[in-house]
Amino acid sequence: MRNGFTRRLKPLDMIGPEQVEQIQNAALDILSETGAVFAAPWALEFLQKAGCKVDQERRRVRFPAGLVQQCLATTPSSFRAKARHPKDDLIFGGNTVHFTHSAGMQSVNLDPFEPRPASRQDYVECVTVLDALPTISHLACYPYYGYEGASASMSIPESVAMKMRYSTKHQFVCYAKGCEVFNIAMAQAIGVEITGTVTATPPLMWDEHALSVVQRMVAAGFPIGSVDGYTLGSTAPATTAGAVALATATHLSLIVLVQLMHPGHRMSVGHFALPSNMATGSPLFGDIGASLSNAMWNQVWRAYNIPRSNGSPGYVSAKVIDYQAGYEKAMAALLSALSGANYILLHLGVSGEMTAHPVQAILDDDVAGMIGRFIEGEEVRPETLPLELIEEVGPLPGQYLDKTHTRDWWRKGQVMTLAADRMSYPEWMQAGKKTALDYARARMQEILETHRPTPLTPAQDAEIERILNEARKYYASRQ
């Protein structure tokens, strides 16, 4: 299976144990006193029978603290998610850190740097690159919001099919207008699992579409990944502690529903919270406040011992592939990895949720590799403290370059970045003064020329197309 990276460092703590408990108690108070809206009648009836206090008129559910604790106890601390090949199966939870990608509404021209609608070929190339990059453990939603020639209603099913055809990696899928019916059918047709992403409507609401996804994913036996999506100062308090408590309550409310429906059902929880830009009202992508929220939230959910993710590192305020995009992504992803996230959205996205490009994903691949190397830490044992070798080499003119120990160990300590300039200055001048962006563009071309994703069998491909045609007819009839 895909191993990801193992975090061997002690996780970063933002607050003390007593403050973690304060936030957890605050979340329980929110659920018991304020409650959460569940917009589907079946969910209200189900939760009422389970002992929750339900206001049918306002669709508001209040949860007894004991019921929340009971459902937390049945939520798995780790689980396996099945891909097309066992080598791509994933274990979520524990000290494992996986990286995946973000998304964009459109692709972008690199010369000049301008957004444009993605073509079908853009989509094929993007998924091919994501399949090839070694630090991407699984595929996330989209990566583009559809492509030219595909109707808006079909953007998600076409995306899911595209990823099944051009990658063997496990994928998370989004939803709209009931398309999870077709997504599940495609997964079952080729014998894989998909993780259903279920997004809250902040503050404290799960809409009818999200709850339909829950119902169908539980029936199919597929994992569920919940996402909160709060904006501090807008849909959540402006304080990090208040926003984390509110987001925690939101996830706990869905955990209760899912675990009551099917105790032990596989779930992960995703934090995607951004500060508000109070000058414009828009979310502040790439802001350090998002990392503060991620770190505190990760610490709270480490105590619950449930697989957790951070979405904000994959989205930046930078409008082009530049220094700003690099530091916004790298800092956010590193802090998420250090504070205990199990999977992190990092690769691909360029400008907020507006654009994405495979060249950015290739640059992000180097970032993920460096972060992974750091969190795996260093070993101190006789092999890494080679006293006999140090005695053999001695002081100058002794040296270590031609020693067996050096040949055995140097690759374990270095990350061989593939889109970074590591030349001396004279070498760089002689090679044409190439930048990281130049190397990333060249690597993308190399991947497209050499990487051949494992295709579906002809029978599987035909079944996928049959389901897509069924979906196309369904949505066409409803226009």
# chains A, B, ... in the order shown; residues from 1 in each chain; ligands from 1
call {"tool": "residues_around", "arguments": {"residues": "Asp228 of chain A", "least_positions_apart": "2", "cutoff": "7 Å", "atoms": "only C-alpha atoms", "output": "MDAnalysis selection string"}}
result
chainID A and resid 199:200 226 230 247 250 270:272
call {"tool": "residues_around", "arguments": {"residues": "segment 162-178 of chain A", "least_positions_apart": "5", "cutoff": "8 Å", "atoms": "only C-alpha atoms", "output": "ChimeraX atom specification"}}
result
/A:81-85,88-90,123-124,127-128,131,137-142,153,156,183,192-198,209-210,212-213,453-456,461
call {"tool": "write_last_selection", "arguments": {"atoms": "N, CA and C atoms", "output": "mmCIF file, in the first residue's frame"}}
result
data_model
loop_
_atom_site.group_PDB
_atom_site.id
_atom_site.type_symbol
_atom_site.label_atom_id
_atom_site.label_comp_id
_atom_site.auth_asym_id
_atom_site.auth_seq_id
_atom_site.Cartn_x
_atom_site.Cartn_y
_atom_site.Cartn_z
ATOM 1 N N ALA A 81 -8.395 2.221 3.167
ATOM 2 C CA ALA A 81 -9.250 2.598 2.047
ATOM 3 C C ALA A 81 -8.718 1.917 0.794
ATOM 4 N N LYS A 82 -9.604 1.251 0.075
ATOM 5 C CA LYS A 82 -9.211 0.415 -1.051
ATOM 6 C C LYS A 82 -9.094 1.220 -2.341
ATOM 7 N N ALA A 83 -8.032 0.975 -3.092
ATOM 8 C CA ALA A 83 -7.824 1.576 -4.405
ATOM 9 C C ALA A 83 -7.919 0.485 -5.471
ATOM 10 N N ARG A 84 -7.605 0.849 -6.724
ATOM 11 C CA ARG A 84 -7.717 -0.119 -7.818
ATOM 12 C C ARG A 84 -6.692 -1.246 -7.677
ATOM 13 N N HIS A 85 -5.505 -0.934 -7.169
ATOM 14 C CA HIS A 85 -4.478 -1.943 -6.920
ATOM 15 C C HIS A 85 -4.106 -1.878 -5.435
ATOM 16 N N ASP A 88 -1.868 0.798 -3.993
ATOM 17 C CA ASP A 88 -2.365 2.152 -3.813
ATOM 18 C C ASP A 88 -3.369 2.268 -2.677
ATOM 19 N N ASP A 89 -3.632 1.152 -1.973
ATOM 20 C CA ASP A 89 -4.490 1.236 -0.795
ATOM 21 C C ASP A 89 -3.844 2.169 0.232
ATOM 22 N N LEU A 90 -4.669 2.743 1.099
ATOM 23 C CA LEU A 90 -4.176 3.705 2.088
ATOM 24 C C LEU A 90 -4.596 3.308 3.484
ATOM 25 N N TYR A 123 -7.510 18.169 -18.549
ATOM 26 C CA TYR A 123 -7.923 17.295 -17.460
ATOM 27 C C TYR A 123 -7.132 15.991 -17.483
ATOM 28 N N VAL A 124 -7.008 15.390 -18.675
ATOM 29 C CA VAL A 124 -6.241 14.152 -18.805
ATOM 30 C C VAL A 124 -4.805 14.367 -18.350
ATOM 31 N N VAL A 127 -4.558 14.848 -14.412
ATOM 32 C CA VAL A 127 -4.705 13.605 -13.658
ATOM 33 C C VAL A 127 -3.502 12.696 -13.889
ATOM 34 N N THR A 128 -2.958 12.690 -15.093
ATOM 35 C CA THR A 128 -1.763 11.881 -15.376
ATOM 36 C C THR A 128 -0.589 12.326 -14.510
ATOM 37 N N ASP A 131 -1.183 11.310 -10.912
ATOM 38 C CA ASP A 131 -0.944 9.878 -10.751
ATOM 39 C C ASP A 131 0.552 9.577 -10.658
ATOM 40 N N SER A 137 -0.578 10.670 -2.297
ATOM 41 C CA SER A 137 -1.019 9.325 -1.922
ATOM 42 C C SER A 137 -2.386 8.984 -2.498
ATOM 43 N N HIS A 138 -3.242 10.001 -2.637
ATOM 44 C CA HIS A 138 -4.587 9.765 -3.149
ATOM 45 C C HIS A 138 -5.061 11.017 -3.853
ATOM 46 N N LEU A 139 -6.111 10.871 -4.635
ATOM 47 C CA LEU A 139 -6.661 11.999 -5.370
ATOM 48 C C LEU A 139 -7.839 12.599 -4.602
ATOM 49 N N ALA A 140 -7.927 13.910 -4.651
ATOM 50 C CA ALA A 140 -9.006 14.617 -3.970
ATOM 51 C C ALA A 140 -10.083 15.000 -4.991
ATOM 52 N N CYS A 141 -10.999 15.852 -4.584
ATOM 53 C CA CYS A 141 -12.100 16.244 -5.468
ATOM 54 C C CYS A 141 -11.589 17.005 -6.692
ATOM 55 N N TYR A 142 -12.302 16.847 -7.781
ATOM 56 C CA TYR A 142 -12.104 17.519 -9.076
ATOM 57 C C TYR A 142 -10.844 16.996 -9.757
ATOM 58 N N SER A 153 -23.835 20.098 -14.736
ATOM 59 C CA SER A 153 -24.415 19.036 -13.916
ATOM 60 C C SER A 153 -23.554 17.782 -13.905
ATOM 61 N N ILE A 156 -18.923 16.712 -11.854
ATOM 62 C CA ILE A 156 -18.359 15.803 -10.855
ATOM 63 C C ILE A 156 -18.296 14.362 -11.367
ATOM 64 N N ASN A 183 -21.520 8.206 -8.903
ATOM 65 C CA ASN A 183 -20.142 8.014 -8.448
ATOM 66 C C ASN A 183 -19.978 6.659 -7.758
ATOM 67 N N VAL A 192 -13.635 -0.736 -6.657
ATOM 68 C CA VAL A 192 -12.833 0.118 -5.783
ATOM 69 C C VAL A 192 -13.744 0.797 -4.769
ATOM 70 N N GLU A 193 -13.103 1.436 -3.797
ATOM 71 C CA GLU A 193 -13.821 2.299 -2.867
ATOM 72 C C GLU A 193 -13.534 3.756 -3.202
ATOM 73 N N ILE A 194 -14.490 4.605 -2.932
ATOM 74 C CA ILE A 194 -14.268 6.046 -2.951
ATOM 75 C C ILE A 194 -14.630 6.583 -1.574
ATOM 76 N N THR A 195 -14.002 7.680 -1.195
ATOM 77 C CA THR A 195 -14.368 8.351 0.049
ATOM 78 C C THR A 195 -15.299 9.498 -0.283
ATOM 79 N N GLY A 196 -16.462 9.513 0.348
ATOM 80 C CA GLY A 196 -17.433 10.574 0.105
ATOM 81 C C GLY A 196 -17.135 11.789 0.961
ATOM 82 N N THR A 197 -16.794 12.890 0.314
ATOM 83 C CA THR A 197 -16.568 14.146 1.032
ATOM 84 C C THR A 197 -17.923 14.775 1.346
ATOM 85 N N VAL A 198 -18.152 15.081 2.611
ATOM 86 C CA VAL A 198 -19.416 15.666 3.059
ATOM 87 C C VAL A 198 -19.101 17.005 3.701
ATOM 88 N N HIS A 209 -28.522 17.777 0.826
ATOM 89 C CA HIS A 209 -27.643 17.111 -0.131
ATOM 90 C C HIS A 209 -26.515 16.371 0.593
ATOM 91 N N ALA A 210 -25.918 17.043 1.585
ATOM 92 C CA ALA A 210 -24.840 16.398 2.344
ATOM 93 C C ALA A 210 -25.340 15.153 3.062
ATOM 94 N N SER A 212 -27.816 13.261 2.198
ATOM 95 C CA SER A 212 -28.060 12.195 1.219
ATOM 96 C C SER A 212 -26.769 11.447 0.908
ATOM 97 N N VAL A 213 -25.659 12.195 0.816
ATOM 98 C CA VAL A 213 -24.359 11.554 0.600
ATOM 99 C C VAL A 213 -24.038 10.619 1.763
ATOM 100 N N PRO A 453 -0.420 5.689 -17.058
ATOM 101 C CA PRO A 453 -1.289 5.158 -15.997
ATOM 102 C C PRO A 453 -1.912 3.835 -16.411
ATOM 103 N N THR A 454 -2.057 2.939 -15.463
ATOM 104 C CA THR A 454 -2.661 1.646 -15.757
ATOM 105 C C THR A 454 -4.115 1.840 -16.180
ATOM 106 N N PRO A 455 -4.487 1.420 -17.379
ATOM 107 C CA PRO A 455 -5.855 1.670 -17.844
ATOM 108 C C PRO A 455 -6.854 0.706 -17.213
ATOM 109 N N LEU A 456 -8.113 1.070 -17.261
ATOM 110 C CA LEU A 456 -9.177 0.146 -16.923
ATOM 111 C C LEU A 456 -9.218 -0.968 -17.979
ATOM 112 N N ASP A 461 -14.088 -0.049 -18.602
ATOM 113 C CA ASP A 461 -14.235 1.232 -19.275
ATOM 114 C C ASP A 461 -15.629 1.360 -19.893
#
call {"tool": "atom_distance", "arguments": {"atom1": "atom CA of Met267 of chain A", "atom2": "atom CA of Ile91 of chain A"}}
result
12.0 Å
call {"tool": "residues_around", "arguments": {"residues": "Pro134 of chain A", "least_positions_apart": "4", "cutoff": "10 Å", "atoms": "only C-alpha atoms", "output": "number ranges by chain"}}
result
A: 2, 4, 99, 129-130, 365-366, 368-369
call {"tool": "write_last_selection", "arguments": {"atoms": "N, CA and C atoms", "output": "short mmCIF file (atom, residue, chain, number, x, y, z; two decimals), in the first residue's frame"}}
result
data_model
loop_
_atom_site.label_atom_id
_atom_site.label_comp_id
_atom_site.auth_asym_id
_atom_site.auth_seq_id
_atom_site.Cartn_x
_atom_site.Cartn_y
_atom_site.Cartn_z
N ARG A 2 0.27 2.40 -0.23
CA ARG A 2 1.02 3.67 -0.17
C ARG A 2 1.29 4.04 1.28
N GLY A 4 2.89 6.78 2.56
CA GLY A 4 2.97 8.16 3.02
C GLY A 4 4.26 8.39 3.78
N PHE A 99 -0.16 13.21 1.54
CA PHE A 99 -0.42 14.46 0.83
C PHE A 99 -1.36 14.20 -0.34
N VAL A 129 -0.40 13.63 -14.39
CA VAL A 129 0.68 14.16 -13.54
C VAL A 129 0.43 13.80 -12.08
N LEU A 130 -0.81 13.97 -11.61
CA LEU A 130 -1.13 13.64 -10.21
C LEU A 130 -0.90 12.16 -9.94
N ASP A 365 5.39 18.93 -5.12
CA ASP A 365 5.90 17.59 -4.86
C ASP A 365 7.24 17.67 -4.13
N ASP A 366 8.08 18.62 -4.52
CA ASP A 366 9.35 18.81 -3.81
C ASP A 366 9.11 19.27 -2.38
N ALA A 368 6.46 18.69 -0.50
CA ALA A 368 5.96 17.55 0.28
C ALA A 368 7.08 16.59 0.64
N GLY A 369 8.00 16.35 -0.30
CA GLY A 369 9.12 15.47 -0.02
C GLY A 369 10.01 15.99 1.10
#
call {"tool": "residues_around", "arguments": {"residues": "Tyr439 of chain A", "least_positions_apart": "4", "cutoff": "7 Å", "atoms": "only C-alpha atoms", "output": "JSON, numbers by chain"}}
result
{"A": [419, 420, 435, 443]}
call {"tool": "write_last_selection", "arguments": {"atoms": "N, CA and C atoms", "output": "mmCIF file, in the first residue's frame"}}
result
data_model
loop_
_atom_site.group_PDB
_atom_site.id
_atom_site.type_symbol
_atom_site.label_atom_id
_atom_site.label_comp_id
_atom_site.auth_asym_id
_atom_site.auth_seq_id
_atom_site.Cartn_x
_atom_site.Cartn_y
_atom_site.Cartn_z
ATOM 1 N N ALA A 419 12.608 19.623 -9.059
ATOM 2 C CA ALA A 419 12.257 20.879 -9.731
ATOM 3 C C ALA A 419 12.943 22.052 -9.056
ATOM 4 N N ALA A 420 14.100 21.802 -8.503
ATOM 5 C CA ALA A 420 14.845 22.856 -7.818
ATOM 6 C C ALA A 420 16.247 22.962 -8.402
ATOM 7 N N THR A 435 15.241 28.335 -13.939
ATOM 8 C CA THR A 435 14.606 28.480 -12.633
ATOM 9 C C THR A 435 13.842 27.212 -12.275
ATOM 10 N N ARG A 443 9.745 18.812 -16.321
ATOM 11 C CA ARG A 443 9.351 17.546 -15.698
ATOM 12 C C ARG A 443 7.924 17.175 -16.085
#
call {"tool": "residues_around", "arguments": {"residues": "Glu353 of chain A", "least_positions_apart": "6", "cutoff": "12 Å", "atoms": "only C-alpha atoms", "output": "list in words"}}
result
His101, Ser102, Ala103, Gly104, Met105, Gln106, Ser107, Pro115, Tyr142, Pro143, Tyr144, Tyr145, Ser282, Pro283, Leu284, Phe285, Gly286, Gly311, Ser312, Pro313, Gly314, Tyr315, Val316, Ser317, Ala318 and Lys319 of chain A
